[in-house]
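See below for run.txt, which holds compact mmCIF, C-alpha atoms.
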# COMPACT_ATOMS: atom_id res chain seq x y z
CA MET A 259 64.07 51.63 46.18
CA ARG A 260 65.80 54.93 46.82
CA MET A 261 63.63 58.03 46.69
CA ARG A 262 64.45 61.66 47.15
CA GLY A 263 63.51 62.52 50.73
CA ARG A 264 63.21 59.47 52.95
CA VAL A 265 60.11 59.04 55.09
CA GLN A 266 62.32 58.20 58.09
CA LEU A 267 63.55 61.80 58.17
CA ILE A 268 60.18 62.91 59.51
CA GLY A 269 60.16 62.96 63.30
CA ALA A 270 61.40 65.12 66.14
CA GLY A 271 62.05 68.75 65.37
CA VAL A 272 59.08 69.25 63.04
CA SER A 273 58.19 72.91 62.92
CA ALA A 274 55.09 74.36 64.58
CA ALA A 275 54.02 75.58 61.15
CA LEU A 276 53.65 71.96 60.03
CA LEU A 277 52.08 70.72 63.25
CA ALA A 278 49.37 73.37 63.47
CA PRO A 279 47.46 72.26 60.34
CA LEU A 280 47.71 68.64 61.47
CA ALA A 281 46.25 69.59 64.82
CA TRP A 282 43.34 71.12 62.88
CA TRP A 283 42.88 67.81 61.05
CA ALA A 284 43.02 65.80 64.29
CA THR A 285 40.43 68.13 65.82
CA ARG A 286 38.11 67.50 62.88
CA LEU A 287 38.41 63.76 63.45
CA GLU A 288 37.77 64.11 67.16
CA THR A 289 34.66 66.16 66.56
CA ALA A 290 33.46 63.48 64.18
CA GLY A 291 33.31 61.24 67.25
CA ARG A 292 35.95 58.66 66.41
CA ALA A 293 39.56 58.12 65.47
CA PRO A 294 40.18 56.44 62.11
CA ARG A 295 41.08 52.76 62.21
CA PRO A 296 44.58 51.77 61.05
CA VAL A 297 44.90 50.01 57.70
CA PRO A 298 46.48 46.56 57.28
CA THR A 299 50.25 46.81 57.08
CA ASP A 300 51.19 43.56 55.31
CA LEU A 301 50.02 42.41 51.89
CA LEU A 302 50.09 38.82 53.17
CA SER A 303 46.73 39.46 54.81
CA ARG A 304 45.26 39.55 51.29
CA ASP A 305 47.71 37.37 49.35
CA PRO A 306 49.72 34.83 51.41
CA GLU A 307 52.06 34.39 48.42
CA ALA A 308 52.72 38.08 47.77
CA THR A 309 56.27 38.74 46.61
CA PRO A 310 58.70 40.46 49.01
CA ALA A 311 58.94 43.46 46.67
CA ALA A 312 55.15 43.87 46.48
CA ARG A 313 54.99 43.61 50.28
CA ARG A 314 57.60 46.37 50.64
CA VAL A 315 55.72 48.70 48.32
CA TYR A 316 52.43 48.10 50.08
CA ALA A 317 54.10 48.54 53.48
CA LEU A 318 55.39 51.94 52.36
CA LEU A 319 51.90 53.07 51.34
CA ALA A 320 50.23 51.61 54.42
CA GLY A 321 52.82 53.23 56.66
CA LEU A 322 52.16 56.64 55.17
CA GLU A 323 48.41 56.13 55.55
CA ASN A 324 48.68 55.10 59.18
CA ARG A 325 50.90 58.05 60.03
CA ALA A 326 48.24 60.34 58.62
CA ARG A 327 45.47 58.51 60.49
CA ARG A 328 47.35 58.98 63.74
CA GLY A 329 47.60 62.70 63.06
CA GLU A 330 51.35 62.55 62.52
CA VAL A 331 53.23 64.35 59.77
CA SER A 332 53.00 62.23 56.63
CA ARG A 333 54.05 62.54 53.02
CA THR A 334 52.70 61.88 49.53
CA VAL A 335 54.31 59.97 46.66
CA ILE A 336 53.90 62.15 43.57
CA GLY A 337 52.93 60.20 40.44
CA GLN A 338 52.69 60.77 36.71
CA HIS A 339 50.47 58.85 34.27
CA VAL A 340 52.02 58.26 30.85
CA GLU A 341 49.83 57.64 27.78
CA LEU A 342 52.38 55.85 25.64
CA HIS A 343 50.01 55.16 22.73
CA ASN A 344 49.26 58.87 22.40
CA GLU A 345 52.87 59.91 22.88
CA ARG A 346 53.99 57.48 20.18
CA TYR A 347 51.28 57.92 17.54
CA ASN A 348 49.14 61.02 18.14
CA ALA A 349 50.79 64.12 16.69
CA SER A 350 48.16 66.41 18.26
CA TYR A 351 48.79 65.09 21.75
CA GLY A 352 50.74 67.19 24.19
CA ASP A 353 52.51 70.49 24.27
CA TYR A 354 53.92 70.50 20.74
CA LYS A 355 52.88 69.22 17.34
CA GLY A 356 54.38 65.87 16.51
CA VAL A 357 54.78 62.37 17.88
CA LYS A 358 57.05 61.88 20.87
CA GLN A 359 59.43 59.37 22.31
CA PRO A 360 57.76 57.04 24.84
CA GLY A 361 57.87 58.36 28.37
CA TYR A 362 57.84 61.98 27.20
CA TYR A 363 55.74 63.16 30.17
CA TYR A 364 57.83 61.11 32.57
CA LYS A 365 60.87 63.04 31.38
CA LYS A 366 58.91 66.31 31.18
CA VAL A 367 58.67 66.35 34.97
CA GLN A 368 62.45 66.22 35.19
CA ASP A 369 62.79 68.92 32.53
CA ILE A 370 60.61 71.24 34.64
CA THR A 371 61.79 70.40 38.14
CA GLY A 372 65.06 68.48 37.92
CA ARG A 373 63.36 65.59 39.73
CA LEU A 374 61.49 62.46 38.70
CA PRO A 375 58.04 61.19 39.73
CA GLY A 376 58.00 58.76 42.62
CA PHE A 377 55.37 56.69 40.81
CA VAL A 378 54.66 56.11 37.12
CA GLU A 379 51.46 54.56 35.77
CA VAL A 380 51.28 53.35 32.18
CA ASP A 381 48.42 51.82 30.23
CA LEU A 382 48.35 48.39 28.56
CA GLY A 383 45.10 49.31 26.83
CA PRO A 384 43.19 50.52 24.91
CA GLY A 385 45.27 50.07 21.76
CA TYR A 386 45.38 52.55 18.91
CA GLY A 387 42.48 51.60 16.65
CA GLN A 388 44.02 48.41 15.28
CA ALA A 389 42.56 44.95 14.88
CA GLY A 390 43.27 42.35 17.52
CA TRP A 391 45.75 42.40 20.37
CA ALA A 392 49.38 42.67 19.30
CA VAL A 393 52.79 43.75 20.50
CA GLY A 394 56.09 44.63 18.88
CA THR A 395 58.87 42.09 18.45
CA ALA A 396 58.23 38.61 19.84
CA ARG A 397 59.27 38.06 23.44
CA SER A 398 59.23 35.01 25.66
CA TYR A 399 56.18 36.11 27.61
CA ASN A 400 53.95 36.83 24.60
CA LYS A 401 54.49 34.06 22.06
CA ALA A 402 50.73 33.50 21.89
CA TRP A 403 50.15 37.05 20.62
CA PRO A 404 50.63 38.37 17.07
CA ALA A 405 53.95 40.15 16.77
CA CYS A 406 55.37 43.15 14.94
CA ARG A 407 52.18 44.96 13.91
CA PRO A 408 51.99 48.71 13.30
CA TYR A 409 50.82 50.86 16.24
CA TRP A 410 51.40 48.16 18.83
CA GLY A 411 55.02 48.91 19.68
CA TYR A 412 53.89 51.06 22.58
CA ILE A 413 53.09 47.88 24.52
CA GLU A 414 56.76 46.92 24.29
CA ASP A 415 57.65 50.37 25.57
CA ALA A 416 55.16 50.10 28.43
CA VAL A 417 56.76 47.03 29.97
CA ASP A 418 60.28 48.30 29.27
CA LEU A 419 59.54 51.65 30.90
CA ALA A 420 58.04 49.90 33.91
CA VAL A 421 61.14 47.76 34.40
CA GLY A 422 63.32 50.82 33.88
CA VAL A 423 61.51 52.94 36.44
CA TRP A 424 61.76 50.15 39.02
CA ALA A 425 65.32 49.00 38.22
CA GLY A 426 66.90 51.96 36.41
CA LEU A 427 67.50 53.12 32.84
CA PRO A 428 69.86 52.39 31.25
CA ARG A 429 70.10 49.01 32.96
CA ALA A 430 72.97 46.65 33.50
CA ALA A 431 73.17 43.63 31.21
CA ASP A 432 71.39 41.41 33.71
CA GLY A 433 69.32 39.38 31.28
CA SER A 434 66.34 41.75 31.33
CA TYR A 435 64.90 42.97 28.07
CA ARG A 436 66.55 45.88 26.25
CA PRO A 437 68.85 47.02 29.05
CA SER A 438 69.95 50.05 27.04
CA GLY A 439 66.40 51.39 26.77
CA THR A 440 66.87 51.89 23.02
CA HIS A 441 65.68 49.77 20.10
CA ARG A 442 64.44 49.90 16.51
CA GLU A 443 60.77 49.04 16.21
CA CYS A 444 60.24 46.17 13.81
CA ALA A 445 56.96 47.39 12.32
CA SER A 446 58.01 50.93 11.40
CA GLY A 447 61.79 50.94 11.53
CA THR A 448 61.54 53.84 13.96
CA ASP A 449 64.31 54.30 16.49
CA VAL A 450 62.76 54.37 19.95
CA SER A 451 64.50 55.54 23.12
CA LEU A 452 63.15 55.47 26.62
CA PRO A 453 64.13 58.35 28.92
CA HIS A 454 67.10 57.78 31.20
CA ASN A 455 66.57 58.14 34.92
CA GLY A 456 70.08 57.82 36.30
CA GLY A 457 70.60 54.11 35.90
CA GLY A 458 69.29 53.16 39.33
CA PRO A 459 65.93 52.40 40.96
CA ALA A 460 63.76 55.44 40.41
CA GLY A 461 60.26 54.77 41.72
CA LEU A 462 57.10 52.69 41.94
CA VAL A 463 55.22 51.32 38.94
CA GLY A 464 51.52 50.99 38.10
CA PHE A 465 49.37 49.82 35.21
CA SER A 466 45.87 50.79 34.22
CA PHE A 467 43.92 48.83 31.61
CA HIS A 468 41.47 50.73 29.43
CA GLN A 469 40.13 47.48 28.09
CA PRO A 470 38.02 47.55 24.91
CA TYR A 471 34.83 45.57 25.36
CA PRO A 472 35.40 41.79 25.29
CA GLY A 473 35.16 40.52 21.73
CA SER A 474 35.84 43.91 20.18
CA PRO A 475 37.52 43.31 16.80
CA VAL A 476 39.24 46.70 17.01
CA LYS A 477 41.24 47.79 20.04
CA GLY A 478 41.00 51.51 20.73
CA PHE A 479 39.62 54.02 23.18
CA ALA A 480 36.29 54.26 21.34
CA GLN A 481 35.72 50.57 22.06
CA THR A 482 36.13 51.08 25.82
CA LEU A 483 32.99 53.22 25.98
CA HIS A 484 29.61 51.83 26.98
CA SER A 485 27.94 53.63 24.09
CA ASN A 486 30.00 51.63 21.58
CA SER A 487 29.71 48.26 23.32
CA PRO A 488 27.05 45.56 22.80
CA GLY A 489 25.70 46.52 26.22
CA ALA A 490 24.34 49.76 24.77
CA LYS A 491 21.67 47.76 22.92
CA ASP A 492 21.56 44.48 24.85
CA ALA A 493 20.86 44.80 28.58
CA ASP A 494 21.83 41.16 29.17
CA TRP A 495 25.25 41.41 27.51
CA PHE A 496 27.23 42.38 30.62
CA GLY A 497 25.76 39.46 32.53
CA ARG A 498 27.02 37.07 29.86
CA VAL A 499 30.51 38.57 30.10
CA THR A 500 30.67 37.45 33.74
CA THR A 501 28.99 34.06 33.18
CA GLU A 502 31.23 31.04 32.56
CA GLY A 503 30.61 29.11 29.38
CA THR A 504 29.43 32.03 27.25
CA ALA A 505 31.24 33.37 24.20
CA GLU A 506 31.41 36.76 25.87
CA HIS A 507 33.11 35.27 28.92
CA GLN A 508 35.68 33.52 26.76
CA ALA A 509 36.40 36.83 25.04
CA LEU A 510 36.96 38.39 28.46
CA LEU A 511 39.42 35.67 29.43
CA HIS A 512 41.26 36.22 26.15
CA ASP A 513 41.70 39.89 27.06
CA LEU A 514 42.79 39.02 30.58
CA GLY A 515 45.34 36.62 29.12
CA PHE A 516 46.87 39.53 27.21
CA LEU A 517 47.04 41.51 30.45
CA ALA A 518 48.44 38.56 32.41
CA ASP A 519 51.20 37.82 29.91
CA HIS A 520 52.63 41.31 30.30
CA LEU A 521 52.19 41.41 34.06
CA GLY A 522 53.85 38.01 34.16
CA TYR A 523 56.90 39.37 32.37
CA LEU A 524 57.16 42.08 35.01
CA ALA A 525 56.77 39.46 37.73
CA GLY A 526 59.68 37.57 36.19
CA GLN A 527 61.78 40.73 36.41
CA GLY A 528 60.85 41.21 40.08
CA VAL A 529 58.74 44.30 39.43
CA PRO A 530 55.73 44.87 41.73
CA VAL A 531 52.79 46.56 40.00
CA LEU A 532 49.93 48.66 41.33
CA LEU A 533 47.18 47.37 39.03
CA ARG A 534 44.13 49.61 38.54
CA PRO A 535 41.46 47.84 36.46
CA TYR A 536 37.81 48.74 35.85
CA HIS A 537 38.05 52.28 37.23
CA GLU A 538 35.27 54.90 37.28
CA MET A 539 32.69 52.17 37.63
CA ASN A 540 30.27 54.51 39.41
CA ALA A 541 29.29 56.53 36.36
CA ALA A 542 25.59 56.99 35.73
CA PRO A 543 24.02 54.15 33.69
CA GLY A 544 24.73 54.48 29.99
CA HIS A 545 27.79 56.67 30.51
CA GLY A 546 31.51 56.04 30.77
CA PHE A 547 33.18 52.69 30.16
CA TRP A 548 31.44 49.42 29.30
CA TRP A 549 31.89 48.17 32.89
CA ALA A 550 30.45 51.35 34.45
CA GLY A 551 26.95 51.94 35.76
CA GLN A 552 26.25 48.21 35.94
CA ASP A 553 24.42 46.26 38.61
CA PRO A 554 26.87 46.29 41.57
CA ALA A 555 26.69 42.51 42.03
CA ALA A 556 27.66 41.99 38.39
CA TYR A 557 30.54 44.46 38.76
CA HIS A 558 31.72 42.52 41.82
CA ARG A 559 31.74 39.32 39.73
CA LEU A 560 33.82 41.05 37.03
CA TRP A 561 36.39 42.30 39.53
CA ARG A 562 36.62 39.04 41.45
CA LEU A 563 36.91 36.78 38.42
CA THR A 564 39.63 39.10 37.11
CA TYR A 565 41.40 38.82 40.45
CA ASP A 566 41.06 35.03 40.47
CA PHE A 567 42.32 34.77 36.89
CA LEU A 568 45.43 36.86 37.53
CA VAL A 569 46.33 35.69 41.03
CA HIS A 570 45.17 32.08 41.14
CA ARG A 571 45.09 30.87 37.54
CA ARG A 572 48.15 32.79 36.35
CA GLY A 573 50.00 32.87 39.67
CA LEU A 574 50.76 36.60 39.69
CA HIS A 575 51.70 37.63 43.21
CA ASN A 576 53.50 40.85 42.31
CA LEU A 577 50.21 42.79 42.15
CA ILE A 578 48.75 45.48 44.41
CA PHE A 579 45.10 46.01 43.46
CA VAL A 580 43.81 49.59 43.28
CA TRP A 581 40.07 50.42 43.16
CA SER A 582 39.33 53.97 41.98
CA PRO A 583 35.80 55.30 41.42
CA ASN A 584 35.16 58.59 39.70
CA SER A 585 34.71 61.57 42.01
CA TRP A 586 31.11 61.43 43.16
CA ASP A 587 29.35 64.74 42.80
CA GLY A 588 25.69 63.76 42.46
CA GLY A 589 25.91 64.11 38.69
CA TYR A 590 28.14 61.99 36.48
CA GLY A 591 29.69 60.16 39.40
CA ARG A 592 27.45 58.42 41.94
CA THR A 593 28.28 57.37 45.50
CA PRO A 594 30.58 54.38 44.91
CA GLY A 595 30.25 52.26 48.05
CA LYS A 596 28.01 49.60 46.58
CA TYR A 597 30.65 48.91 43.91
CA TYR A 598 33.44 48.14 46.37
CA PRO A 599 34.59 44.54 45.68
CA GLY A 600 35.68 43.98 49.30
CA GLY A 601 38.90 43.97 51.28
CA ASP A 602 39.79 40.43 50.17
CA TYR A 603 40.25 41.79 46.64
CA VAL A 604 41.44 45.39 47.10
CA ASP A 605 44.65 46.78 48.60
CA VAL A 606 44.42 50.52 47.85
CA VAL A 607 41.41 52.80 47.30
CA GLY A 608 41.46 55.99 45.30
CA VAL A 609 39.53 58.55 43.33
CA ASP A 610 39.73 59.87 39.79
CA ALA A 611 39.31 63.49 40.85
CA TYR A 612 37.76 65.48 38.03
CA SER A 613 34.73 67.12 39.68
CA ASP A 614 36.55 70.11 41.15
CA THR A 615 39.62 72.23 40.50
CA PRO A 616 42.10 74.08 42.72
CA ALA A 617 40.36 77.35 41.94
CA HIS A 618 36.83 75.94 42.37
CA PRO A 619 36.80 73.14 44.97
CA LEU A 620 33.63 71.19 45.61
CA GLY A 621 32.09 71.53 49.06
CA LYS A 622 33.13 73.63 52.03
CA GLY A 623 36.31 71.78 53.04
CA ALA A 624 39.76 71.69 51.53
CA TRP A 625 40.19 70.83 47.87
CA THR A 626 39.56 67.05 47.38
CA GLU A 627 38.58 66.71 51.06
CA VAL A 628 35.14 65.30 50.27
CA TRP A 629 36.79 62.35 48.48
CA TYR A 630 39.50 61.93 51.12
CA ARG A 631 36.96 61.66 53.93
CA GLY A 632 34.63 59.50 51.85
CA LEU A 633 37.32 56.87 51.23
CA GLU A 634 38.34 56.58 54.87
CA GLU A 635 35.71 53.97 55.67
CA TYR A 636 37.35 51.34 53.43
CA ASP A 637 40.38 51.04 55.75
CA ARG A 638 42.89 51.07 52.92
CA PRO A 639 45.61 53.52 51.84
CA ARG A 640 44.01 56.42 49.98
CA VAL A 641 45.31 57.83 46.69
CA VAL A 642 44.32 60.33 44.04
CA ALA A 643 44.56 57.89 41.14
CA GLU A 644 43.95 60.50 38.43
CA SER A 645 43.89 64.28 38.46
CA PHE A 646 44.46 66.97 35.88
CA HIS A 647 46.24 69.02 38.53
CA VAL A 648 49.31 68.80 40.72
CA PRO A 649 48.28 68.89 44.40
CA LEU A 650 50.14 72.06 45.38
CA GLY A 651 50.14 75.46 43.73
CA ALA A 652 49.23 79.08 44.07
CA ALA A 653 45.50 78.31 44.45
CA GLN A 654 45.94 75.40 46.92
CA PRO A 655 49.23 75.53 48.85
CA ARG A 656 47.99 73.39 51.80
CA THR A 657 46.24 70.49 50.03
CA LEU A 658 48.48 67.76 51.41
CA THR A 659 48.55 69.19 54.91
CA GLN A 660 44.77 69.14 55.15
CA THR A 661 44.32 65.91 53.17
CA PRO A 662 47.55 63.86 53.30
CA TRP A 663 46.90 61.47 50.42
CA VAL A 664 49.36 58.57 50.22
CA MET A 665 49.85 59.09 46.47
CA TRP A 666 48.75 61.66 43.87
CA THR A 667 49.00 60.92 40.13
CA VAL A 668 48.75 63.60 37.43
CA TRP A 669 47.13 62.52 34.17
CA GLY A 670 49.33 62.45 31.07
CA GLN A 671 49.61 65.63 29.06
CA SER A 672 47.70 67.70 31.64
CA LEU A 673 51.03 68.15 33.42
CA ALA A 674 51.43 71.13 31.09
CA TYR A 675 48.81 71.47 28.33
CA ASP A 676 45.73 69.54 27.25
CA ASN A 677 46.29 69.42 23.53
CA VAL A 678 48.51 71.24 21.08
CA SER A 679 45.49 71.90 18.83
CA ALA A 680 43.69 73.77 21.62
CA PRO A 681 46.27 74.42 24.34
CA ARG A 682 44.87 74.99 27.82
CA ALA A 683 47.33 75.12 30.66
CA LYS A 684 46.30 72.85 33.53
CA ASN A 685 49.38 73.44 35.66
CA THR A 686 51.89 76.25 35.52
CA ALA A 687 55.58 75.43 35.69
CA ALA A 688 55.61 77.26 39.03
CA ASP A 689 52.90 74.95 40.41
CA VAL A 690 54.77 71.84 39.23
CA LYS A 691 57.97 73.13 40.82
CA GLN A 692 56.15 73.98 44.05
CA THR A 693 54.76 70.45 44.23
CA TYR A 694 58.02 68.67 43.45
CA GLY A 695 60.00 70.92 45.77
CA SER A 696 57.69 70.49 48.76
CA SER A 697 58.80 68.66 51.91
CA LYS A 698 55.38 66.96 51.79
CA ILE A 699 56.27 65.17 48.56
CA ILE A 700 58.25 61.99 47.88
CA THR A 701 59.79 62.18 44.42
CA GLY A 702 61.71 59.50 42.53
CA GLY A 703 65.29 58.86 41.52
CA ARG A 704 68.32 58.86 43.77
If you convert what's in this file into structure tokens, what do you get?
Amino acid sequence: MRMRGRVQLIGAGVSAALLAPLAWWATRLETAGRAPRPVPTDLLSRDPEATPAARRVYALLAGLENRARRGEVSRTVIGQHVELHNERYNASYGDYKGVKQPGYYYKKVQDITGRLPGFVEVDLGPGYGQAGWAVGTARSYNKAWPACRPYWGYIEDAVDLAVGVWAGLPRAADGSYRPSGTHRECASGTDVSLPHNGGGPAGLVGFSFHQPYPGSPVKGFAQTLHSNSPGAKDADWFGRVTTEGTAEHQALLHDLGFLADHLGYLAGQGVPVLLRPYHEMNAAPGHGFWWAGQDPAAYHRLWRLTYDFLVHRRGLHNLIFVWSPNSWDGGYGRTPGKYYPGGDYVDVVGVDAYSDTPAHPLGKGAWTEVWYRGLEEYDRPRVVAESFHVPLGAAQPRTLTQTPWVMWTVWGQSLAYDNVSAPRAKNTAADVKQTYGSSKIITGGR
């Protein structure tokens, strides 16, 4: 992987202006009475069969984390989440009226800054309000799934974009799927083009999975919510989901098979994936997703059986597992520690940071510092897994000096505007340019 600005360039000759804030951070750690422990540096400590590519990606993240923990100058991979189902089918989504080509907000970064994200996360769920799981044209990895249904083509685009970000778009005719990045969708006859990124390796890849509740006949965002799941009326339902032999458990395995088939295709193409399932689990009971606010022991069972299914039953060793609670503020998000599945099942820890803003940070420290310090105890690389805001801007120019996150991912359309029907700017073009132009940031592309 070749990224703009290599980490190795950081070393002797760093200016006093950069060292002074880091000295402040080291002083804070010293006054806390201890130095932070280093994080594991090799994925083999969790998965002895991890692929070489997955090990390299994890080593990059762990190396950045350990530099920061030693008080050395570190850097942050800048990421962009892409909601392909909304880009493809939701005309009210984004900064202009009308549906968009897949990867629109991946390309939007380049339109604004001339650079690409160093990390792209796409979503294999929730679907777009259609019955059953489906994908576009039939492919070798998904023969068990219904093919060529309306509003499911975005799944095809998700795996193609992931391969393209890792290997380059357009790609050489190396046997991988759709090397040109362009195709005609079988269900609609629509011509679909993925954004080019220079034709070479352009960054790291991640997947989230907004999974509708197991057994849901319709797959859409509404079905991911606790309030619309059987658990809203049946307190024992979640326990049956994680209990072998029940109908609910079989429905869960069916969903995980859908996830595994697509991750398996990426494994076959040599693509390592940062997988972020069952996020924001620390919401108050009755709120958030169907897996949120549950008994912690039951949540642990859900995470671990998912891990066992993907890694052991399906043999997927290209995965880096990311655990990301919602920002805990004493209100919607609760302290997440009791939900942590354990180091044998988690490689990276993060936060979905929605409780504060650059202009109105929570607490007395730097913006997002309360989450950065709170995640230190897990001894894993720390990331902002979701945020409406870029890390650097007029309101917060020193975020990454005071809290050197390993990775920071901006959520979908919030890169510019929330929604064309009620546009609210989350980030100015100047803030996006400041972030992508910073020496603290690792961007993508050549």
Check: Just how far from CA of Gly528 in chain A is CA of Gly426 in chain A, in Å to one decimal?
Finding: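 Taking CA of Gly426 in chain A as the start and CA of Gly528 in chain A as the end point, the length is 12.9 Å.
Atom pair CA of Ala320 in chain A / CA of Tyr523 in chain A has a distance of 26.1 Å (rounded to one decimal).
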Next item on the list: Would you mind reading off the distance between CA of Thr500 in chain A and CA of Tyr412 in chain A, one decimal, in Å?
Entry: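 Going from CA of Thr500 in chain A over to CA of Tyr412 in chain A, I get 29.1 Å.
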Notebook entry, point to check: Between A:Asp553, A:Asp381, A:Asp610, A:Asp519, which has the minimum distance to Asp494 in chain A (counting all atoms listed in the file)?
Noted result: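 Once distances to Asp494 in chain A are computed over all atoms listed in the file, the minimum belongs to A:Asp553.
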Next item on the list: Between A:Gln660, A:Thr501, A:Ser438, A:Ser398, single out the one closest to Leu524 in chain A, counting all atoms listed in the file.
Entry: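 Counting all atoms listed in the file, the residue closest to Leu524 in chain A is A:Ser398.
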Item checked: Nearest residue to Glu506 in chain A from the set A:Leu650, A:Gly473, A:Val529, A:Val380 (distances using all atoms listed in the file) -> A:Gly473
Next item on the list: Compile the contact shell of Ser487 in chain A as a list in words: residues with an atom at most 9 Å away, counting only C-alpha atoms, same-chain residues fewer than 5 positions apart removed.
Entry: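 Close residues of Ser487 in chain A: Pro470, Tyr471, Pro472, Ser474, Gln481, Thr482, Phe547 and Trp548 of chain A.
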Next item on the list: Using all atoms listed in the file, determine which residues lie at most 8 Å from range 630-634 of chain A, disregarding the query and same-chain residues fewer than 4 positions distant; provide the list as a list of chain:residue names.
Entry: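 Selected residues are A:Pro294, A:Val607, A:Gly608, A:Thr626, A:Arg638, A:Arg640, A:Thr661, A:Trp663.
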With C-alpha atoms retained, could you export that selection as a compact mmCIF listing (two decimals), keeping the file's coordinate frame?
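Result file is part.txt:
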# COMPACT_ATOMS: atom_id res chain seq x y z
CA PRO A 294 40.18 56.44 62.11
CA VAL A 607 41.41 52.80 47.30
CA GLY A 608 41.46 55.99 45.30
CA THR A 626 39.56 67.05 47.38
CA ARG A 638 42.89 51.07 52.92
CA ARG A 640 44.01 56.42 49.98
CA THR A 661 44.32 65.91 53.17
CA TRP A 663 46.90 61.47 50.42
Note to self: Residues within 12 Å of (66.6, 67.2, 35.5), file coordinates, counting all atoms listed in the file: what are they? Give the list as an MDAnalysis selection string.
What the structure shows: chainID A and resid 364:375 453:456 691 694 702:704
Residues from the last selection, C-alpha atoms, saved as a PDB file, in the frame of the given file:
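Printed below is selection.pdb as written:
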ATOM      1  CA  TYR A 364      57.830  61.110  32.570  1.00  0.00           C
ATOM      2  CA  LYS A 365      60.870  63.040  31.380  1.00  0.00           C
ATOM      3  CA  LYS A 366      58.910  66.310  31.180  1.00  0.00           C
ATOM      4  CA  VAL A 367      58.670  66.350  34.970  1.00  0.00           C
ATOM      5  CA  GLN A 368      62.450  66.220  35.190  1.00  0.00           C
ATOM      6  CA  ASP A 369      62.790  68.920  32.530  1.00  0.00           C
ATOM      7  CA  ILE A 370      60.610  71.240  34.640  1.00  0.00           C
ATOM      8  CA  THR A 371      61.790  70.400  38.140  1.00  0.00           C
ATOM      9  CA  GLY A 372      65.060  68.480  37.920  1.00  0.00           C
ATOM     10  CA  ARG A 373      63.360  65.590  39.730  1.00  0.00           C
ATOM     11  CA  LEU A 374      61.490  62.460  38.700  1.00  0.00           C
ATOM     12  CA  PRO A 375      58.040  61.190  39.730  1.00  0.00           C
ATOM     13  CA  PRO A 453      64.130  58.350  28.920  1.00  0.00           C
ATOM     14  CA  HIS A 454      67.100  57.780  31.200  1.00  0.00           C
ATOM     15  CA  ASN A 455      66.570  58.140  34.920  1.00  0.00           C
ATOM     16  CA  GLY A 456      70.080  57.820  36.300  1.00  0.00           C
ATOM     17  CA  LYS A 691      57.970  73.130  40.820  1.00  0.00           C
ATOM     18  CA  TYR A 694      58.020  68.670  43.450  1.00  0.00           C
ATOM     19  CA  GLY A 702      61.710  59.500  42.530  1.00  0.00           C
ATOM     20  CA  GLY A 703      65.290  58.860  41.520  1.00  0.00           C
ATOM     21  CA  ARG A 704      68.320  58.860  43.770  1.00  0.00           C
TER      22      ARG A 704
END
Next item on the list: Would you please work out which residue, of A:Pro404, A:Met665, A:Gly321, A:Ser350, is nearest to Thr701 in chain A when using all atoms listed in the file?
Entry: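 Under the stated criterion, the closest residue is A:Met665.
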Item checked: Surrounding residues of Val421 in chain A excluding itself and chain neighbours under 4 positions, 10 Å, only C-alpha atoms, as a count of residues only -> 22
Item checked: Protein/DNA/RNA residues near (26.8, 53.5, 45.4), cut 12 Å, all atoms listed in the file, as a list in words -> Glu538, Met539, Asn540, Ala541, Ala542, Ala550, Gly551, Gln552, Asp553, Pro554, Ala555, Tyr557, Pro583, Asn584, Ser585, Trp586, Asp587, Gly588, Gly591, Arg592, Thr593, Pro594, Gly595, Lys596, Tyr597, Tyr598, Pro599 and Gly632 of chain A
Next item on the list: Determine the nearest neighbour of Asn576 in chain A from the options A:Ala674, A:Leu533, A:Ala293, A:Ala611, counting all atoms listed in the file.
Entry: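 For Asn576 in chain A, the nearest of the candidates is A:Leu533.
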Margin query: Could you list, as a ChimeraX atom specification, every residue within 10 Å of Val664 in chain A, counting all atoms listed in the file and ignoring same-chain residues fewer than 3 positions away?
Written below: /A:318-326,332-336,606,608,639-642,658,661,699-700
Can you patch up range 318-324 of chain A, filling it in to N, CA and C atoms, and show the result as a PDB file, in the frame of the given file?
ATOM      1  N   LEU A 318      55.106  50.514  52.462  1.00  0.00           N
ATOM      2  CA  LEU A 318      55.390  51.940  52.360  1.00  0.00           C
ATOM      3  C   LEU A 318      54.093  52.748  52.337  1.00  0.00           C
ATOM      4  N   LEU A 319      53.163  52.333  51.474  1.00  0.00           N
ATOM      5  CA  LEU A 319      51.900  53.070  51.340  1.00  0.00           C
ATOM      6  C   LEU A 319      51.074  52.977  52.619  1.00  0.00           C
ATOM      7  N   ALA A 320      50.996  51.778  53.190  1.00  0.00           N
ATOM      8  CA  ALA A 320      50.230  51.610  54.420  1.00  0.00           C
ATOM      9  C   ALA A 320      50.847  52.401  55.569  1.00  0.00           C
ATOM     10  N   GLY A 321      52.162  52.457  55.614  1.00  0.00           N
ATOM     11  CA  GLY A 321      52.820  53.230  56.660  1.00  0.00           C
ATOM     12  C   GLY A 321      52.513  54.706  56.567  1.00  0.00           C
ATOM     13  N   LEU A 322      52.522  55.237  55.349  1.00  0.00           N
ATOM     14  CA  LEU A 322      52.160  56.640  55.170  1.00  0.00           C
ATOM     15  C   LEU A 322      50.715  56.894  55.583  1.00  0.00           C
ATOM     16  N   GLU A 323      49.822  55.989  55.196  1.00  0.00           N
ATOM     17  CA  GLU A 323      48.410  56.130  55.550  1.00  0.00           C
ATOM     18  C   GLU A 323      48.222  56.115  57.060  1.00  0.00           C
ATOM     19  N   ASN A 324      48.870  55.202  57.734  1.00  0.00           N
ATOM     20  CA  ASN A 324      48.680  55.100  59.180  1.00  0.00           C
ATOM     21  C   ASN A 324      49.286  56.278  59.925  1.00  0.00           C
TER      22      ASN A 324
END
